[in-house]
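As stored in start.cif (mmCIF, C-alpha atoms):
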data_entry
loop_
_atom_site.label_atom_id
_atom_site.label_comp_id
_atom_site.auth_asym_id
_atom_site.auth_seq_id
_atom_site.Cartn_x
_atom_site.Cartn_y
_atom_site.Cartn_z
CA MET A 24 -15.18 5.88 -3.13
CA MET A 25 -12.56 7.91 -1.25
CA THR A 26 -9.22 8.84 -2.77
CA ARG A 27 -5.97 7.97 -0.99
CA ARG A 28 -5.53 11.65 -0.06
CA GLN A 29 -9.03 11.83 1.47
CA VAL A 30 -8.36 8.69 3.52
CA CYS A 31 -5.04 10.13 4.78
CA ILE A 32 -6.73 13.41 5.73
CA LEU A 33 -9.55 11.55 7.48
CA ILE A 34 -7.07 9.45 9.46
CA ALA A 35 -4.99 12.51 10.41
CA SER A 36 -8.00 14.66 11.36
CA PRO A 37 -8.05 13.82 15.09
CA LEU A 38 -4.43 14.99 15.34
CA THR A 39 -5.07 18.43 13.87
CA ALA A 40 -7.10 20.00 16.71
CA ALA A 41 -4.25 21.92 18.38
CA GLN A 42 -2.63 24.67 16.33
CA PRO A 43 1.19 24.97 16.33
CA PRO A 44 2.48 27.98 18.28
CA GLY A 45 4.21 29.40 15.18
CA VAL A 46 0.85 29.47 13.39
CA THR A 47 -1.06 31.10 16.25
CA ALA A 48 1.76 33.65 16.77
CA LYS A 49 1.86 34.31 12.99
CA LEU A 50 5.62 33.86 12.84
CA SER A 51 7.46 34.38 9.56
CA THR A 52 8.92 31.44 7.65
CA ALA A 53 11.34 29.29 9.64
CA PRO A 54 14.96 28.77 8.56
CA ARG A 55 14.91 26.30 5.69
CA TYR A 56 16.69 23.17 4.57
CA ASN A 57 16.22 22.68 0.81
CA PHE A 58 16.44 19.29 -0.85
CA PRO A 59 17.46 19.33 -4.52
CA ALA A 60 14.62 18.72 -6.96
CA LEU A 61 13.91 15.11 -7.87
CA PRO A 62 13.86 14.04 -11.51
CA GLU A 63 10.39 13.72 -13.04
CA GLN A 64 8.73 10.51 -11.77
CA LYS A 65 7.17 8.28 -14.41
CA PRO A 66 4.72 5.50 -13.53
CA SER A 67 6.42 2.12 -13.27
CA THR A 68 4.71 -1.02 -14.50
CA THR A 69 7.69 -3.36 -14.18
CA ASP A 70 6.85 -4.77 -10.73
CA LYS A 71 3.16 -5.60 -10.40
CA ALA A 72 3.64 -7.19 -6.94
CA GLN A 73 5.00 -3.96 -5.47
CA GLY A 74 2.38 -1.70 -7.00
CA GLU A 75 3.00 1.78 -8.30
CA ALA A 76 5.46 3.90 -6.31
CA ILE A 77 3.88 6.97 -4.72
CA GLY A 78 6.92 8.46 -3.02
CA LYS A 79 10.63 8.40 -2.35
CA HIS A 80 12.57 8.32 0.92
CA ARG A 81 15.15 11.09 1.14
CA SER A 82 17.91 11.08 3.77
CA LEU A 83 18.25 14.28 5.76
CA PRO A 84 21.85 15.14 6.65
CA ALA A 85 22.42 15.44 10.42
CA ALA A 86 23.77 18.96 9.83
CA ALA A 87 20.36 20.04 8.48
CA LEU A 88 18.95 20.30 12.02
CA LYS A 89 21.64 22.91 12.78
CA LYS A 90 19.76 25.27 10.45
CA GLY A 91 16.85 25.33 12.93
CA ARG A 92 16.55 28.39 15.17
CA TRP A 93 15.03 29.24 18.52
CA VAL A 94 12.52 32.06 18.93
CA LYS A 95 10.99 33.42 22.09
CA LEU A 96 7.25 33.98 21.94
CA SER A 97 5.60 37.03 23.53
CA ASP A 98 4.36 34.89 26.43
CA GLY A 99 7.91 33.67 27.20
CA ARG A 100 7.68 30.20 25.64
CA ARG A 101 10.68 29.00 23.58
CA LEU A 102 10.14 27.50 20.16
CA TRP A 103 12.66 25.73 17.90
CA ARG A 104 11.74 25.82 14.18
CA LEU A 105 13.01 24.35 10.92
CA ALA A 106 11.32 24.25 7.51
CA ILE A 107 12.10 21.34 5.17
CA HIS A 108 11.47 21.89 1.47
CA SER A 109 11.26 19.04 -1.05
CA PRO A 110 10.40 20.72 -4.38
CA LYS A 111 7.25 19.49 -6.15
CA ALA A 112 6.28 17.09 -3.34
CA VAL A 113 2.55 16.49 -3.04
CA GLY A 114 3.11 15.66 0.62
CA ILE A 115 5.87 15.05 3.15
CA ARG A 116 6.20 12.60 6.03
CA VAL A 117 9.02 12.90 8.58
CA HIS A 118 10.90 10.00 10.19
CA PHE A 119 11.90 10.87 13.77
CA THR A 120 14.45 8.87 15.75
CA ARG A 121 15.72 9.42 19.30
CA PHE A 122 12.46 11.26 19.93
CA ALA A 123 12.29 12.20 23.63
CA ALA A 124 10.15 15.34 23.91
CA GLY A 125 8.93 14.53 27.43
CA PRO A 126 6.32 17.19 28.28
CA GLY A 127 7.45 19.24 25.27
CA LYS A 128 5.43 19.25 22.05
CA VAL A 129 6.37 18.83 18.39
CA TRP A 130 4.17 19.90 15.47
CA LEU A 131 4.52 19.74 11.72
CA TYR A 132 2.64 22.00 9.36
CA GLY A 133 2.51 23.22 5.80
CA GLY A 134 -0.10 25.29 4.04
CA ALA A 135 -3.32 25.08 6.06
CA GLU A 136 -2.57 21.60 7.48
CA SER A 137 -0.91 20.67 10.74
CA VAL A 138 -0.24 17.40 12.55
CA GLY A 139 0.67 16.83 16.15
CA PRO A 140 1.46 17.62 18.79
CA TYR A 141 3.74 14.64 19.27
CA THR A 142 4.96 14.26 22.87
CA ALA A 143 6.94 11.98 25.18
CA ALA A 144 8.65 9.26 23.09
CA GLY A 145 6.33 9.62 20.11
CA ILE A 146 3.38 7.73 18.69
CA ASP A 147 4.27 4.27 19.98
CA GLU A 148 6.61 5.37 22.80
CA THR A 149 9.68 3.84 21.09
CA GLY A 150 11.30 7.13 20.08
CA SER A 151 11.26 6.15 16.40
CA PHE A 152 8.25 6.80 14.19
CA TRP A 153 6.91 8.29 10.97
CA THR A 154 4.63 11.29 11.25
CA ASP A 155 1.33 11.73 9.52
CA THR A 156 1.46 13.32 6.07
CA VAL A 157 1.47 17.07 5.57
CA PHE A 158 0.21 17.71 2.03
CA SER A 159 2.68 20.38 0.97
CA ASP A 160 6.19 20.57 -0.49
CA LEU A 161 7.29 22.63 2.54
CA VAL A 162 6.86 21.33 6.08
CA THR A 163 7.77 23.29 9.20
CA VAL A 164 8.86 21.33 12.27
CA GLU A 165 8.31 23.11 15.60
CA TYR A 166 9.42 22.02 19.06
CA GLU A 167 8.06 23.82 22.10
CA GLY A 168 9.90 22.89 25.26
CA LYS A 169 12.54 23.71 27.81
CA LEU A 170 15.44 21.58 26.57
CA ALA A 171 18.55 23.28 25.17
CA SER A 172 18.38 21.44 21.85
CA PRO A 173 15.67 19.62 19.89
CA PRO A 174 15.04 16.23 21.57
CA PHE A 175 15.01 14.24 18.36
CA GLN A 176 16.77 13.45 15.12
CA ILE A 177 15.17 13.52 11.69
CA VAL A 178 16.88 10.87 9.59
CA GLU A 179 14.73 11.02 6.48
CA ILE A 180 11.54 12.23 4.91
CA THR A 181 9.19 10.68 2.41
CA HIS A 182 8.60 12.89 -0.62
CA LEU A 183 5.16 11.92 -1.96
CA PHE A 184 4.75 12.51 -5.67
CA ARG A 185 1.33 10.81 -6.22
#

Hey, can you dump this file as structure tokens for me?
Amino acid sequence: MMTRRQVCILIASPLTAAQPPGVTAKLSTAPRYNFPALPEQKPSTTDKAQGEAIGKHRSLPAAALKKGRWVKLSDGRRLWRLAIHSPKAVGIRVHFTRFAAGPGKVWLYGGAESVGPYTAAGIDETGSFWTDTVFSDLVTVEYEGKLASPPFQIVEITHLFR
């Protein structure tokens, strides 16, 4: 029987073929937004209908995206980068809204895992979606494109603790 993590990795596998430009260019760590640590999570048995909680949504302040920075790659491409750190997370998912990358590309990565690229108006073309999980407590968001600012908002993340 597969674990939940193995199923998530299996589902995300087709999206991990392309490597983010920051990884291939071996860029240093991106500017970082740090969430405060969450209190220790204890298993809850009070609500059997809901099941055991495996994560917590955390709102990302709009000002956090201002920490992101542009870099110019050796081949002339421009890349916007921001790292989001949620201490002791087993994994992180990102909730994008107003996503309008057009021909640009957005990746997320942490450790040896990456997901994306996400393009156009996102997964379901609505401009609002949750990304696949990156199993790390630090996820880097990269946008490669020609727009003057990142073509999205990140309103929250899910901090997975199980």

> With distances taken over only C-alpha atoms, which of A:Asp98, A:His118, A:Trp153, A:Tyr132 is nearest to Ala48 (chain A)?
Replying inline: A:Asp98

>> At a cut-off of 6 Å, using only C-alpha atoms, what residues contact Ile107 (chain A)? Leave out same-chain residues fewer than 4 positions from it and give the result as an MDAnalysis selection string.
In response: chainID A and resid 55:56 161:162

Hey, could you make a per-residue contact list for region 61-147 of chain A against region 165-171 of chain A with 7 Å as the cut-off, showing the nearest pair of atoms and its distance in Å to one decimal, counting only C-alpha atoms, sorted by chain and number, as JSON lines?
{"residue": "A:Arg101", "atom": "CA", "partner": "A:Glu167", "partner_atom": "CA", "distance": 6.0}
{"residue": "A:Leu102", "atom": "CA", "partner": "A:Glu167", "partner_atom": "CA", "distance": 4.7}
{"residue": "A:Trp103", "atom": "CA", "partner": "A:Tyr166", "partner_atom": "CA", "distance": 5.1}
{"residue": "A:Arg104", "atom": "CA", "partner": "A:Glu165", "partner_atom": "CA", "distance": 4.6}
{"residue": "A:Leu105", "atom": "CA", "partner": "A:Glu165", "partner_atom": "CA", "distance": 6.7}
{"residue": "A:Gly127", "atom": "CA", "partner": "A:Gly168", "partner_atom": "CA", "distance": 4.4}
{"residue": "A:Lys128", "atom": "CA", "partner": "A:Glu167", "partner_atom": "CA", "distance": 5.3}
{"residue": "A:Val129", "atom": "CA", "partner": "A:Tyr166", "partner_atom": "CA", "distance": 4.5}
{"residue": "A:Trp130", "atom": "CA", "partner": "A:Glu165", "partner_atom": "CA", "distance": 5.2}
{"residue": "A:Leu131", "atom": "CA", "partner": "A:Glu165", "partner_atom": "CA", "distance": 6.4}

>> Residues near His182 (chain A), anyone? I mean within 9 Å using all atoms listed in the file, not counting same-chain ones fewer than 6 positions away, as a PyMOL selection string.
In response: chain A and resi 77-81+109-116+160

>> Using all atoms listed in the file, which protein or nucleic acid residues come within 9 Å of Gly125 (chain A)? Drop anything in the same chain fewer than 3 positions from it, and give the result as a ChimeraX atom specification.
In response: /A:122,128,142-144,168,174

> Once the PyMOL selection byres ((chain A and resi 97) around 12) has been applied to the shown file, what residues remain in the selection, as a PyMOL selection string?
Replying inline: chain A and resi 44-45+47-50+94-96+98-102

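For the pair CA of Pro173 (chain A) and CA of Ala124 (chain A), the interatomic distance is 8.1 Å.
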
>> For a quick check of understanding, using only C-alpha atoms, which of A:Ala53, A:Val117, A:Ala123, A:Ile177 has the smallest distance to Val157 (chain A)?
In response: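 The closest residue to Val157 (chain A) is A:Val117.
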
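As for CA of Gly145 (chain A) and CA of Ala86 (chain A), they are spaced 22.3 Å apart.
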
>> Applying 7 Å and all atoms listed in the file, which residues near Val178 (chain A) remain after dropping the ones on its own chain fewer than 4 positions away? List them as a list in words.
In response: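 The residues that qualify are Ser82, Leu83, His118, Phe119 and Thr120 of chain A.
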
>> So the first atom is CA of Pro54 (chain A) and the second is CA of His108 (chain A); what is the distance between them in Å, to one decimal place?
In response: 10.5 Å

> Smallest atom-to-atom distance to Val164 (chain A): which of A:Pro126, A:Ala60, A:Ser51, A:Ser137, using all atoms listed in the file?
Replying inline: A:Ser137
